[in-house]
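Since the structure comes first, as C-alpha coordinates, the remarks are kept for the end.
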Amino acid sequence: MLFGYNTNGFAHHHLEHALIVLAKRGYKSVAITLDHHALNPYDPGQMDLLARTGGLLEMLKVRSVIETGARFLLNPFLKHQPTLLSRYSRDRNKRQEFIRLAIDIAKELKADAVSLWSGTPLDNPEESVLWKRLVDGCRHLCDYAEKQKVRLAFEPEPGMFIDTMARFAELKDRVNHPLFGLTIDIGHLHCQGEIPISDYLRRWKDRLWNVHIEDMRRGVHEHLMFGEGEIDFVPVLRTLYEIGYQGGVHVELSRHSHDAVETARKALEFLKHISHGLNTE
(Lines give C-alpha, C1' and ligand atoms only; values in the text may rest on other atoms or scores of the structure.)
Protein backbone atom coordinates (compact mmCIF):
# COMPACT_ATOMS: atom_id res chain seq x y z
CA MET A 1 0.00 0.00 0.00
CA LEU A 2 0.99 3.63 -0.49
CA PHE A 3 0.32 6.29 2.12
CA GLY A 4 -1.34 9.29 0.53
CA TYR A 5 -3.21 12.51 1.30
CA ASN A 6 -6.37 14.13 -0.04
CA THR A 7 -5.86 17.63 -1.47
CA ASN A 8 -9.13 18.76 0.10
CA GLY A 9 -6.94 19.10 3.21
CA PHE A 10 -4.75 21.64 1.37
CA ALA A 11 -7.49 24.10 0.44
CA HIS A 12 -5.22 27.13 0.93
CA HIS A 13 -2.38 25.81 -1.25
CA HIS A 14 -1.91 25.90 -4.99
CA LEU A 15 -2.23 22.31 -6.19
CA GLU A 16 1.34 22.12 -7.47
CA HIS A 17 2.65 23.41 -4.13
CA ALA A 18 0.53 20.87 -2.25
CA LEU A 19 1.92 18.02 -4.35
CA ILE A 20 5.49 19.15 -3.70
CA VAL A 21 4.88 19.49 0.04
CA LEU A 22 3.31 16.04 0.25
CA ALA A 23 6.06 14.39 -1.77
CA LYS A 24 8.76 16.04 0.37
CA ARG A 25 6.93 14.85 3.48
CA GLY A 26 7.17 11.29 2.13
CA TYR A 27 3.72 10.60 0.70
CA LYS A 28 3.62 8.28 -2.31
CA SER A 29 0.06 8.88 -3.48
CA VAL A 30 -2.35 11.79 -3.65
CA ALA A 31 -6.13 11.94 -3.89
CA ILE A 32 -6.79 15.03 -6.00
CA THR A 33 -10.19 16.54 -5.23
CA LEU A 34 -11.14 18.49 -8.35
CA ASP A 35 -12.15 21.97 -7.24
CA HIS A 36 -11.94 25.66 -8.15
CA HIS A 37 -8.23 25.70 -7.33
CA ALA A 38 -7.35 22.09 -8.21
CA LEU A 39 -7.56 20.93 -11.85
CA ASN A 40 -10.95 22.58 -12.28
CA PRO A 41 -12.22 20.87 -15.46
CA TYR A 42 -14.17 24.01 -16.41
CA ASP A 43 -11.12 26.29 -16.27
CA PRO A 44 -10.14 27.52 -19.78
CA GLY A 45 -6.48 26.88 -18.94
CA GLN A 46 -7.12 23.43 -17.53
CA MET A 47 -5.31 21.49 -20.28
CA ASP A 48 -2.02 23.27 -19.67
CA LEU A 49 -2.37 22.80 -15.92
CA LEU A 50 -3.20 19.14 -16.42
CA ALA A 51 -0.06 18.61 -18.49
CA ARG A 52 2.08 20.34 -15.84
CA THR A 53 0.45 18.32 -13.06
CA GLY A 54 1.05 15.06 -14.89
CA GLY A 55 4.69 15.95 -15.39
CA LEU A 56 5.05 16.92 -11.74
CA LEU A 57 3.49 13.68 -10.48
CA GLU A 58 5.83 11.72 -12.71
CA MET A 59 8.87 13.66 -11.53
CA LEU A 60 7.87 13.25 -7.87
CA LYS A 61 7.06 9.55 -8.41
CA VAL A 62 3.65 10.02 -6.78
CA ARG A 63 0.56 8.03 -7.79
CA SER A 64 -2.92 9.54 -7.85
CA VAL A 65 -6.65 9.03 -7.52
CA ILE A 66 -9.19 11.58 -8.78
CA GLU A 67 -11.86 12.59 -6.27
CA THR A 68 -15.18 14.22 -7.21
CA GLY A 69 -16.36 15.38 -3.77
CA ALA A 70 -15.87 19.15 -4.10
CA ARG A 71 -18.48 20.96 -2.03
CA PHE A 72 -19.54 23.90 -4.20
CA LEU A 73 -17.91 23.45 -7.60
CA LEU A 74 -21.15 22.63 -9.44
CA ASN A 75 -23.51 24.80 -7.42
CA PRO A 76 -22.36 27.83 -5.40
CA PHE A 77 -25.53 27.77 -3.28
CA LEU A 78 -25.98 24.07 -2.42
CA LYS A 79 -23.24 21.81 -1.06
CA HIS A 80 -22.61 18.66 -3.12
CA GLN A 81 -25.42 19.42 -5.57
CA PRO A 82 -26.51 18.40 -8.14
CA THR A 83 -26.03 14.64 -7.83
CA LEU A 84 -26.80 11.44 -9.69
CA LEU A 85 -30.04 11.41 -7.67
CA SER A 86 -31.29 14.88 -8.61
CA ARG A 87 -34.93 15.22 -9.61
CA TYR A 88 -34.38 16.74 -13.04
CA SER A 89 -32.43 15.01 -15.79
CA ARG A 90 -30.55 18.23 -16.62
CA ASP A 91 -29.14 18.26 -13.09
CA ARG A 92 -28.23 14.58 -13.12
CA ASN A 93 -26.57 15.16 -16.50
CA LYS A 94 -24.52 17.99 -15.02
CA ARG A 95 -23.12 15.63 -12.38
CA GLN A 96 -22.52 12.94 -14.99
CA GLU A 97 -20.69 15.43 -17.21
CA PHE A 98 -18.46 16.39 -14.29
CA ILE A 99 -17.60 12.77 -13.56
CA ARG A 100 -16.90 12.13 -17.25
CA LEU A 101 -14.46 15.05 -17.17
CA ALA A 102 -12.92 13.52 -14.05
CA ILE A 103 -12.50 10.26 -15.97
CA ASP A 104 -10.74 12.17 -18.76
CA ILE A 105 -8.39 13.73 -16.20
CA ALA A 106 -7.73 10.34 -14.61
CA LYS A 107 -6.82 8.90 -18.00
CA GLU A 108 -4.39 11.76 -18.68
CA LEU A 109 -2.74 11.41 -15.26
CA LYS A 110 -2.76 7.58 -15.35
CA ALA A 111 -4.64 7.71 -12.05
CA ASP A 112 -5.60 4.54 -10.20
CA ALA A 113 -9.33 5.36 -10.19
CA VAL A 114 -12.03 8.03 -10.05
CA SER A 115 -13.84 8.15 -6.72
CA LEU A 116 -17.53 9.13 -6.54
CA TRP A 117 -20.59 8.82 -4.30
CA SER A 118 -24.40 8.89 -4.58
CA GLY A 119 -25.22 12.18 -2.89
CA THR A 120 -28.59 12.88 -1.34
CA PRO A 121 -31.89 13.71 -3.10
CA LEU A 122 -33.63 17.04 -2.58
CA ASP A 123 -37.02 15.58 -3.46
CA ASN A 124 -38.69 12.62 -1.79
CA PRO A 125 -39.76 10.05 -4.38
CA GLU A 126 -40.21 6.32 -3.90
CA GLU A 127 -36.92 4.57 -3.21
CA SER A 128 -37.29 2.64 -6.45
CA VAL A 129 -37.08 5.94 -8.36
CA LEU A 130 -33.84 6.86 -6.60
CA TRP A 131 -32.38 3.45 -7.35
CA LYS A 132 -33.22 3.84 -11.04
CA ARG A 133 -31.67 7.33 -11.23
CA LEU A 134 -28.49 6.15 -9.54
CA VAL A 135 -28.07 2.84 -11.35
CA ASP A 136 -28.75 4.40 -14.75
CA GLY A 137 -26.16 7.09 -14.04
CA CYS A 138 -23.56 4.63 -12.80
CA ARG A 139 -24.05 2.36 -15.81
CA HIS A 140 -23.62 5.27 -18.17
CA LEU A 141 -20.43 6.31 -16.39
CA CYS A 142 -19.11 2.75 -16.45
CA ASP A 143 -19.60 2.63 -20.21
CA TYR A 144 -17.65 5.87 -20.58
CA ALA A 145 -14.95 4.74 -18.14
CA GLU A 146 -14.53 1.50 -20.09
CA LYS A 147 -13.76 3.47 -23.26
CA GLN A 148 -11.15 5.49 -21.35
CA LYS A 149 -9.81 2.42 -19.49
CA VAL A 150 -10.39 4.06 -16.09
CA ARG A 151 -11.76 2.39 -12.95
CA LEU A 152 -14.58 3.85 -10.83
CA ALA A 153 -14.33 3.54 -7.04
CA PHE A 154 -17.69 4.21 -5.37
CA GLU A 155 -17.70 5.45 -1.79
CA PRO A 156 -20.54 4.78 0.67
CA GLU A 157 -20.96 8.01 2.65
CA PRO A 158 -22.87 8.55 5.93
CA GLY A 159 -26.04 10.54 5.32
CA MET A 160 -26.15 9.78 1.60
CA PHE A 161 -28.46 7.40 -0.27
CA ILE A 162 -25.70 4.79 -0.44
CA ASP A 163 -24.33 5.01 3.07
CA THR A 164 -23.49 1.48 4.19
CA MET A 165 -21.55 -1.43 2.78
CA ALA A 166 -24.77 -3.43 2.49
CA ARG A 167 -26.30 -0.78 0.25
CA PHE A 168 -23.09 -0.59 -1.77
CA ALA A 169 -23.27 -4.36 -2.28
CA GLU A 170 -26.78 -3.95 -3.69
CA LEU A 171 -25.65 -1.11 -5.95
CA LYS A 172 -22.68 -3.11 -7.20
CA ASP A 173 -24.97 -6.00 -8.12
CA ARG A 174 -27.40 -3.70 -9.91
CA VAL A 175 -24.69 -1.89 -11.88
CA ASN A 176 -22.88 -5.15 -12.61
CA HIS A 177 -19.78 -3.84 -14.35
CA PRO A 178 -16.15 -4.99 -13.89
CA LEU A 179 -14.86 -1.42 -13.66
CA PHE A 180 -17.27 -0.52 -10.84
CA GLY A 181 -15.30 -0.89 -7.62
CA LEU A 182 -15.04 0.58 -4.16
CA THR A 183 -13.61 3.38 -2.08
CA ILE A 184 -13.63 2.37 1.58
CA ASP A 185 -13.39 5.13 4.17
CA ILE A 186 -12.08 3.60 7.40
CA GLY A 187 -13.68 6.26 9.57
CA HIS A 188 -17.09 5.82 7.94
CA LEU A 189 -17.12 2.12 8.77
CA HIS A 190 -16.38 2.83 12.42
CA CYS A 191 -18.87 5.72 12.54
CA GLN A 192 -21.70 3.49 11.34
CA GLY A 193 -20.76 0.46 13.42
CA GLU A 194 -19.62 -1.60 10.45
CA ILE A 195 -17.09 -3.58 12.42
CA PRO A 196 -14.76 -5.38 12.58
CA ILE A 197 -13.35 -3.14 9.85
CA SER A 198 -10.91 -5.86 8.82
CA ASP A 199 -13.80 -8.13 7.81
CA TYR A 200 -14.97 -5.59 5.23
CA LEU A 201 -11.47 -5.08 3.87
CA ARG A 202 -11.10 -8.83 3.37
CA ARG A 203 -14.54 -9.26 1.84
CA TRP A 204 -14.03 -6.49 -0.72
CA LYS A 205 -10.33 -6.92 -1.45
CA ASP A 206 -10.95 -7.70 -5.13
CA ARG A 207 -12.94 -4.49 -5.67
CA LEU A 208 -11.00 -2.22 -3.31
CA TRP A 209 -9.37 0.46 -5.46
CA ASN A 210 -9.14 3.40 -3.07
CA VAL A 211 -8.94 3.87 0.72
CA HIS A 212 -9.61 6.95 2.84
CA ILE A 213 -8.32 7.01 6.40
CA GLU A 214 -8.79 9.22 9.45
CA ASP A 215 -9.94 8.81 13.03
CA MET A 216 -13.61 8.96 14.00
CA ARG A 217 -16.06 8.27 16.83
CA ARG A 218 -19.03 5.92 16.75
CA GLY A 219 -22.16 7.68 15.48
CA VAL A 220 -20.47 11.02 14.71
CA HIS A 221 -19.45 11.75 11.11
CA GLU A 222 -16.52 14.02 11.90
CA HIS A 223 -13.09 13.40 10.37
CA LEU A 224 -10.55 13.55 13.19
CA MET A 225 -6.78 13.53 13.47
CA PHE A 226 -5.34 10.16 14.46
CA GLY A 227 -5.57 9.68 18.21
CA GLU A 228 -8.60 11.96 18.63
CA GLY A 229 -11.16 9.24 17.90
CA GLU A 230 -11.72 5.62 18.80
CA ILE A 231 -10.26 3.55 15.95
CA ASP A 232 -7.56 0.95 16.50
CA PHE A 233 -5.51 1.28 13.32
CA VAL A 234 -3.16 -1.65 13.94
CA PRO A 235 -5.59 -4.33 12.67
CA VAL A 236 -6.68 -2.05 9.83
CA LEU A 237 -3.17 -1.61 8.42
CA ARG A 238 -2.28 -5.22 9.15
CA THR A 239 -5.27 -6.38 7.12
CA LEU A 240 -4.37 -4.11 4.20
CA TYR A 241 -0.93 -5.71 4.19
CA GLU A 242 -2.39 -9.22 4.45
CA ILE A 243 -4.79 -8.79 1.53
CA GLY A 244 -1.99 -7.38 -0.61
CA TYR A 245 -3.63 -4.01 -1.19
CA GLN A 246 -1.42 -2.05 -3.59
CA GLY A 247 -3.30 1.26 -3.86
CA GLY A 248 -3.31 4.53 -1.97
CA VAL A 249 -4.38 4.89 1.65
CA HIS A 250 -5.33 8.57 1.63
CA VAL A 251 -5.57 10.68 4.77
CA GLU A 252 -8.79 12.73 4.53
CA LEU A 253 -8.79 15.74 6.85
CA SER A 254 -10.53 18.41 4.81
CA ARG A 255 -11.12 20.69 7.81
CA HIS A 256 -7.45 20.84 8.73
CA SER A 257 -6.33 23.02 5.81
CA HIS A 258 -5.44 25.88 8.18
CA ASP A 259 -2.59 23.69 9.45
CA ALA A 260 -2.16 21.46 6.41
CA VAL A 261 1.62 21.06 6.36
CA GLU A 262 1.97 20.12 10.03
CA THR A 263 -1.15 17.94 9.95
CA ALA A 264 0.23 16.03 6.96
CA ARG A 265 3.54 15.54 8.77
CA LYS A 266 1.89 14.21 11.92
CA ALA A 267 -0.47 11.94 10.00
CA LEU A 268 2.32 10.26 8.05
CA GLU A 269 4.43 9.91 11.17
CA PHE A 270 1.52 8.11 12.85
CA LEU A 271 0.89 5.76 9.93
CA LYS A 272 4.56 4.96 9.41
CA HIS A 273 4.99 4.22 13.12
CA ILE A 274 2.23 1.61 12.99
CA SER A 275 3.47 0.25 9.69
CA HIS A 276 7.00 -0.12 11.05
CA GLY A 277 5.66 -2.00 14.05
CA LEU A 278 3.81 -4.42 11.80
CA ASN A 279 6.90 -5.04 9.71
CA THR A 280 8.96 -5.87 12.77
CA GLU A 281 6.49 -8.22 14.44
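By order in the C-alpha coordinates, chains are A, B, ...; within a chain, residues start at 1; ligands start at 1, following the order shown.
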
Need the shell around Pro41 (chain A): protein/DNA/RNA residues with any atom at most 12 Å away, counting only C-alpha atoms. Skip same-chain ones fewer than 2 positions apart. Format as a ChimeraX atom specification? /A:33-39,43-50,66,68,73-74,97-106

Taking N, CA, C and O atoms for each residue, export the selection above as a short mmCIF file (atom, residue, chain, number, x, y, z; two decimals), in the first residue's frame.
data_model
loop_
_atom_site.label_atom_id
_atom_site.label_comp_id
_atom_site.auth_asym_id
_atom_site.auth_seq_id
_atom_site.Cartn_x
_atom_site.Cartn_y
_atom_site.Cartn_z
N THR A 33 -8.79 16.13 -5.18
CA THR A 33 -10.19 16.54 -5.23
C THR A 33 -10.33 17.70 -6.20
O THR A 33 -9.85 18.81 -5.94
N LEU A 34 -10.96 17.44 -7.35
CA LEU A 34 -11.14 18.49 -8.35
C LEU A 34 -11.96 19.62 -7.75
O LEU A 34 -13.03 19.39 -7.18
N ASP A 35 -11.46 20.84 -7.87
CA ASP A 35 -12.15 21.97 -7.24
C ASP A 35 -11.75 23.25 -7.97
O ASP A 35 -10.99 23.21 -8.95
N HIS A 36 -12.24 24.38 -7.50
CA HIS A 36 -11.94 25.66 -8.15
C HIS A 36 -10.44 25.87 -8.32
O HIS A 36 -9.99 26.40 -9.34
N HIS A 37 -9.66 25.44 -7.35
CA HIS A 37 -8.23 25.70 -7.33
C HIS A 37 -7.40 24.46 -7.68
O HIS A 37 -6.18 24.49 -7.62
N ALA A 38 -8.07 23.35 -8.02
CA ALA A 38 -7.35 22.09 -8.21
C ALA A 38 -7.87 21.36 -9.45
O ALA A 38 -8.87 20.64 -9.38
N LEU A 39 -7.21 21.58 -10.58
CA LEU A 39 -7.56 20.93 -11.85
C LEU A 39 -9.04 21.11 -12.19
O LEU A 39 -9.70 20.17 -12.67
N ASP A 43 -12.07 25.18 -16.11
CA ASP A 43 -11.12 26.29 -16.27
C ASP A 43 -10.59 26.30 -17.70
O ASP A 43 -10.13 25.27 -18.20
N PRO A 44 -10.64 27.46 -18.39
CA PRO A 44 -10.14 27.52 -19.78
C PRO A 44 -8.68 27.08 -19.91
O PRO A 44 -8.28 26.57 -20.96
N GLY A 45 -7.89 27.26 -18.88
CA GLY A 45 -6.48 26.88 -18.94
C GLY A 45 -6.20 25.50 -18.37
O GLY A 45 -5.05 25.16 -18.09
N GLN A 46 -7.26 24.70 -18.22
CA GLN A 46 -7.12 23.43 -17.53
C GLN A 46 -6.17 22.46 -18.23
O GLN A 46 -5.44 21.72 -17.59
N MET A 47 -6.15 22.46 -19.56
CA MET A 47 -5.31 21.49 -20.28
C MET A 47 -3.83 21.72 -20.01
O MET A 47 -3.07 20.77 -19.82
N ASP A 48 -3.42 22.98 -19.97
CA ASP A 48 -2.02 23.27 -19.67
C ASP A 48 -1.69 22.86 -18.24
O ASP A 48 -0.62 22.28 -17.97
N LEU A 49 -2.60 23.17 -17.31
CA LEU A 49 -2.37 22.80 -15.92
C LEU A 49 -2.32 21.28 -15.76
O LEU A 49 -1.51 20.75 -15.00
N LEU A 50 -3.17 20.60 -16.49
CA LEU A 50 -3.20 19.14 -16.42
C LEU A 50 -1.87 18.55 -16.90
O LEU A 50 -1.33 17.64 -16.28
N ILE A 66 -8.40 10.36 -8.56
CA ILE A 66 -9.19 11.58 -8.78
C ILE A 66 -10.48 11.50 -7.96
O ILE A 66 -11.24 10.53 -8.07
N THR A 68 -14.14 13.34 -6.65
CA THR A 68 -15.18 14.22 -7.21
C THR A 68 -16.08 14.81 -6.12
O THR A 68 -17.23 15.14 -6.38
N LEU A 73 -18.39 23.24 -6.24
CA LEU A 73 -17.91 23.45 -7.60
C LEU A 73 -19.05 23.53 -8.61
O LEU A 73 -19.01 24.34 -9.54
N LEU A 74 -20.05 22.68 -8.47
CA LEU A 74 -21.15 22.63 -9.44
C LEU A 74 -22.31 23.53 -9.09
O LEU A 74 -23.13 23.86 -9.95
N GLU A 97 -21.70 14.75 -16.39
CA GLU A 97 -20.69 15.43 -17.21
C GLU A 97 -19.43 15.68 -16.39
O GLU A 97 -18.30 15.48 -16.87
N PHE A 98 -19.60 16.13 -15.16
CA PHE A 98 -18.46 16.39 -14.29
C PHE A 98 -17.65 15.12 -14.06
O PHE A 98 -16.41 15.13 -14.13
N ILE A 99 -18.33 14.02 -13.80
CA ILE A 99 -17.60 12.77 -13.56
C ILE A 99 -16.93 12.28 -14.84
O ILE A 99 -15.82 11.73 -14.80
N ARG A 100 -17.57 12.49 -15.98
CA ARG A 100 -16.90 12.13 -17.25
C ARG A 100 -15.62 12.95 -17.43
O ARG A 100 -14.59 12.42 -17.87
N LEU A 101 -15.67 14.22 -17.09
CA LEU A 101 -14.46 15.05 -17.17
C LEU A 101 -13.41 14.55 -16.19
O LEU A 101 -12.21 14.56 -16.49
N ALA A 102 -13.85 14.09 -15.02
CA ALA A 102 -12.92 13.52 -14.05
C ALA A 102 -12.27 12.25 -14.61
O ALA A 102 -11.08 12.00 -14.39
N ILE A 103 -13.05 11.47 -15.33
CA ILE A 103 -12.50 10.26 -15.97
C ILE A 103 -11.45 10.64 -17.00
O ILE A 103 -10.39 10.01 -17.10
N ASP A 104 -11.73 11.69 -17.77
CA ASP A 104 -10.74 12.17 -18.76
C ASP A 104 -9.44 12.59 -18.07
O ASP A 104 -8.34 12.29 -18.56
N ILE A 105 -9.57 13.29 -16.96
CA ILE A 105 -8.39 13.73 -16.20
C ILE A 105 -7.63 12.52 -15.66
O ILE A 105 -6.40 12.46 -15.72
N ALA A 106 -8.37 11.55 -15.14
CA ALA A 106 -7.73 10.34 -14.61
C ALA A 106 -6.96 9.61 -15.70
O ALA A 106 -5.85 9.11 -15.47
#

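For Arg133 (chain A), the list of residues within 12 Å, based on only C-alpha atoms and with local chain neighbours fewer than 4 positions off taken out, reads A:Thr83, A:Leu84, A:Leu85, A:Ser86, A:Arg87, A:Tyr88, A:Ser89, A:Asp91, A:Arg92, A:Asn93, A:Arg95, A:Gln96, A:Ser118, A:Gly119, A:Thr120, A:Pro121, A:Pro125, A:Glu126, A:Glu127, A:Ser128, A:Val129, A:Gly137, A:Cys138, A:Arg139, A:His140, A:Phe161, A:Leu171, A:Arg174, A:Val175.
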
Near-Gly247 (chain A) list (9 Å; only C-alpha atoms; drop same-chain fewer than 6 positions) as a list in words: Met1, Leu2, Phe3, Ser29, Arg63, Asp112, Leu208, Trp209, Asn210 and Val211 of chain A

Which of region 12-251 of chain A counts as helix (DSSP H, G or I) under DSSP, as a ChimeraX atom specification please? /A:15-25,46-60,89-109,127-148,165-175,186-191,197-203,233-242

Between A:Pro82, A:Gly9, A:Gly248, A:Gly69, which is the closest to Glu155 (chain A) once you count only C-alpha atoms? A:Gly69

CA of Lys132 (chain A) and CA of Gly181 (chain A), how far apart in Å? 18.8 Å
